[in-house]
2 protein chains.
Amino acid sequence: MAAWGERLAGVRGVLLDISGVLYDGGEGGGEPIAGSVEAVARLKRSPLKVRFCTNESQKSRGDLVGLLRRLGFDISEGEVTAPAPATCLILKERGLRPHLLIHDGVRSEFDQIDTSNPNCVVIADAGESFSYQNMNKAFQVLMELENPVLLSLGKGRYYKETSGLLLDVGPYMKALEYACGIEAEVVGKPSPEFFKSALQEMGVEAHQAIMIGDDIVGDVGGAQRCGMRALQVRTGKYRPSDEHHPEVKADGYVDNLAEAVDLLLQHTDK
Amino acid sequence: MAAWGERLAGVRGVLLDISGVLYDGGEGGGEPIAGSVEAVARLKRSPLKVRFCTNESQKSRGDLVGLLRRLGFDISEGEVTAPAPATCLILKERGLRPHLLIHDGVRSEFDQIDTSNPNCVVIADAGESFSYQNMNKAFQVLMELENPVLLSLGKGRYYKETSGLLLDVGPYMKALEYACGIEAEVVGKPSPEFFKSALQEMGVEAHQAIMIGDDIVGDVGGAQRCGMRALQVRTGKYRPSDEHHPEVKADGYVDNLAEAVDLLLQHTDK
């Protein structure tokens, strides 16, 4: 692999995944990953632009930022690209009235959305709300529509909390796709539209940006398909087999965000 | 389409699906589909051989037969090919110790199976037991195995109860496949091994047998791939769009089992 200086040349903006990179969720909200609080602070003091790009769909953006600030991170709501606000824009543009299969923690994001007489289903990381009863209800709504529309906030397979690996929204999206014989529209990583909106909000071109994430497919593969570079951290849901993924090869693997920031500050143009 | 006499020529044995053909499940056990009790009785008085071939995996074979007998059907346990007993044979042959994600109603089928220190997961139509917690547990067991094995009792998308359409095991099998990046082994229709064992038990060759079911893919498509003929009934989970399925064309569509039996008794060799 080329030297770091070559791999990181011309980087002007950094997109940071949140869960598994900044912190691991869990009991009492979760805990920061060692070195990540300082790493974010150092990045923000550098000339590099920084934006947070998350698929978190169990909490509202406000609650997520509140939690991260309590954990010590320098972060504000305006710096976060998240799927729930992006979904609300799509619903309004297309006149869609969703049946919501979501966690109560994110419900406030949909306060301004008409949910009467639903003509689509929105599925997010509902956690314990992924009961058989709630899945059936979403299934029945879709089966009664002539043109069933399913919007999924991300399609992650699983994520890591302090207690272990937990199923994300993706498996449940696949379940509804199979049950109804349809294909969901994904709002969030690895959708190119989602990465592009994060880049626009950061004001940096794809070839000048690098994504740092713990998901080899959703973060690394998705960002690379948009023309960005991408590093995988060995924290969060990272597994050693990711470094031999049959389809996706990161531009670099680092032990954690702190190491990624060390390398970025050392090798990108001052 | 050819005349019925031509389409049914040489049929010597009949495989009957149960749910959606004999009865619709639901409150209090369910109710027989009009005409089906008499249709089964007439078939059994005819020279045709009859066997029941079901993907029912929420009840033990004994409980299913007990329910059907209470509904008026002439049926005994020895006449039923069902996935739970077939799964137990596979587990024993291969030395597999399952973690069971199943409905309590079918647990007795696995009484003789060692479930300590699991080295595979068995998933069946668990109904309300498809909680987030139970799905996570099965996912975590699979993720800890070096060679994860997932056995699924059928892969039906949904079935019909008197209260409406309900999710079957298939969507949950797909969820675990996606979460773990693996492919399940299906025990039940449309697996060719399953149809073949039902034919053997009936003592009839595939080209002399006809399947009658309400599932265009699992019953009709699966039986045809084994060299059998197959009729779809317009009861149970049947939907009009099934008659224009892009891949599967039944050898005939009938309003219900009673009409199928009328045709069989009229057109097969006496």
# chains A, B, ... in the order shown; residues from 1 in each chain; ligands from 1

$ interface_residues --of "chain A" --to "chain B" --cutoff "6 Å" --atoms "only C-alpha atoms" --output "list in words"
Glu128, Phe130, Ser131, Tyr132, Arg157, Pro171, Tyr172, Lys174, Ala175, Tyr178 and Ala179 of chain A

$ write_last_selection --atoms "all heavy atoms" --output "CSV table (one decimal), in the first residue's frame"
chain,number,residue,atom,x,y,z
A,128,GLU,N,-36.3,-2.6,20.4
A,128,GLU,CA,-37.3,-3.5,21.0
A,128,GLU,C,-38.7,-3.3,20.4
A,128,GLU,O,-39.5,-4.2,20.5
A,128,GLU,CB,-37.4,-3.2,22.5
A,128,GLU,CG,-36.2,-3.4,23.4
A,128,GLU,CD,-35.9,-4.9,23.6
A,128,GLU,OE1,-36.9,-5.7,23.4
A,128,GLU,OE2,-34.8,-5.3,23.9
A,130,PHE,N,-39.2,-3.7,17.3
A,130,PHE,CA,-39.3,-4.7,16.3
A,130,PHE,C,-40.0,-5.9,16.8
A,130,PHE,O,-39.4,-7.0,16.8
A,130,PHE,CB,-37.9,-5.0,15.7
A,130,PHE,CG,-37.4,-4.0,14.7
A,130,PHE,CD1,-36.1,-3.6,14.8
A,130,PHE,CD2,-38.2,-3.6,13.6
A,130,PHE,CE1,-35.6,-2.7,13.8
A,130,PHE,CE2,-37.7,-2.7,12.7
A,130,PHE,CZ,-36.4,-2.2,12.8
A,131,SER,N,-41.2,-5.8,17.3
A,131,SER,CA,-42.0,-6.9,17.8
A,131,SER,C,-42.7,-7.6,16.6
A,131,SER,O,-42.8,-7.0,15.5
A,131,SER,CB,-43.1,-6.5,18.8
A,131,SER,OG,-44.0,-5.6,18.1
A,132,TYR,N,-43.1,-8.8,16.7
A,132,TYR,CA,-43.8,-9.5,15.6
A,132,TYR,C,-45.1,-8.7,15.3
A,132,TYR,O,-45.4,-8.5,14.1
A,132,TYR,CB,-44.2,-10.9,16.1
A,132,TYR,CG,-44.9,-11.7,15.0
A,132,TYR,CD1,-44.2,-12.1,13.9
A,132,TYR,CD2,-46.2,-12.1,15.2
A,132,TYR,CE1,-44.8,-12.9,12.9
A,132,TYR,CE2,-46.9,-12.9,14.2
A,132,TYR,CZ,-46.2,-13.3,13.1
A,132,TYR,OH,-46.8,-14.0,12.1
A,157,ARG,N,-26.3,-3.9,9.0
A,157,ARG,CA,-26.6,-5.2,9.4
A,157,ARG,C,-26.7,-5.3,11.0
A,157,ARG,O,-27.6,-5.9,11.5
A,157,ARG,CB,-25.5,-6.2,8.9
A,157,ARG,CG,-25.6,-6.3,7.4
A,157,ARG,CD,-24.3,-6.9,6.9
A,157,ARG,NE,-24.0,-8.2,7.4
A,157,ARG,CZ,-22.7,-8.7,7.4
A,157,ARG,NH1,-21.7,-8.1,6.8
A,157,ARG,NH2,-22.5,-9.9,7.9
A,171,PRO,N,-31.6,-5.9,8.6
A,171,PRO,CA,-32.3,-7.2,8.6
A,171,PRO,C,-33.8,-7.1,8.5
A,171,PRO,O,-34.5,-7.9,7.8
A,171,PRO,CB,-31.8,-7.9,9.9
A,171,PRO,CG,-30.5,-7.2,10.1
A,171,PRO,CD,-30.6,-5.8,9.7
A,172,TYR,N,-34.3,-6.1,9.2
A,172,TYR,CA,-35.8,-5.9,9.2
A,172,TYR,C,-36.3,-5.4,7.9
A,172,TYR,O,-37.4,-5.7,7.4
A,172,TYR,CB,-36.2,-5.1,10.4
A,172,TYR,CG,-36.1,-5.9,11.7
A,172,TYR,CD1,-34.9,-5.9,12.5
A,172,TYR,CD2,-37.1,-6.8,12.1
A,172,TYR,CE1,-34.8,-6.7,13.6
A,172,TYR,CE2,-37.0,-7.6,13.3
A,172,TYR,CZ,-35.8,-7.5,14.0
A,172,TYR,OH,-35.7,-8.3,15.1
A,174,LYS,N,-34.8,-6.1,5.1
A,174,LYS,CA,-34.8,-7.3,4.2
A,174,LYS,C,-36.0,-8.1,4.4
A,174,LYS,O,-36.6,-8.7,3.5
A,174,LYS,CB,-33.5,-8.1,4.4
A,174,LYS,CG,-32.3,-7.4,3.9
A,174,LYS,CD,-32.2,-7.5,2.4
A,174,LYS,CE,-31.0,-6.7,1.9
A,174,LYS,NZ,-31.0,-6.6,0.4
A,175,ALA,N,-36.4,-8.3,5.7
A,175,ALA,CA,-37.6,-9.1,6.0
A,175,ALA,C,-38.9,-8.6,5.3
A,175,ALA,O,-39.6,-9.3,4.6
A,175,ALA,CB,-37.8,-9.1,7.5
A,178,TYR,N,-38.7,-9.0,1.4
A,178,TYR,CA,-39.0,-10.4,1.0
A,178,TYR,C,-40.5,-10.7,1.2
A,178,TYR,O,-41.1,-11.3,0.3
A,178,TYR,CB,-38.1,-11.4,1.9
A,178,TYR,CG,-38.4,-12.8,1.6
A,178,TYR,CD1,-37.9,-13.4,0.4
A,178,TYR,CD2,-39.1,-13.6,2.5
A,178,TYR,CE1,-38.1,-14.8,0.1
A,178,TYR,CE2,-39.3,-15.0,2.2
A,178,TYR,CZ,-38.8,-15.5,1.1
A,178,TYR,OH,-39.0,-16.9,0.8
A,179,ALA,N,-41.0,-10.3,2.3
A,179,ALA,CA,-42.4,-10.6,2.6
A,179,ALA,C,-43.3,-10.0,1.5
A,179,ALA,O,-44.3,-10.6,1.1
A,179,ALA,CB,-42.8,-10.1,4.0

$ select_by_dssp --residues "segment 19-263 of chain A" --states "strand (DSSP E)" --output "NGL selection string"
:A and (23-24 or 31-32 or 49-53 or 80-81 or 98-101 or 120-123 or 150-153 or 158-161 or 164-167 or 185-187 or 209-213 or 229-233 or 252-254)

$ residues_around --residues "Leu199 of chain A" --least-positions-apart "2" --cutoff "12 Å" --atoms "only C-alpha atoms" --output "PyMOL selection string"
chain A and resi 12-16+49-53+79-81+192-197+201-211+223+226-228

$ closest_residue --among "B:Thr54, B:Asp251, B:Leu71, B:Pro98" --to "Gly154 of chain B" --atoms "only C-alpha atoms"
B:Thr54
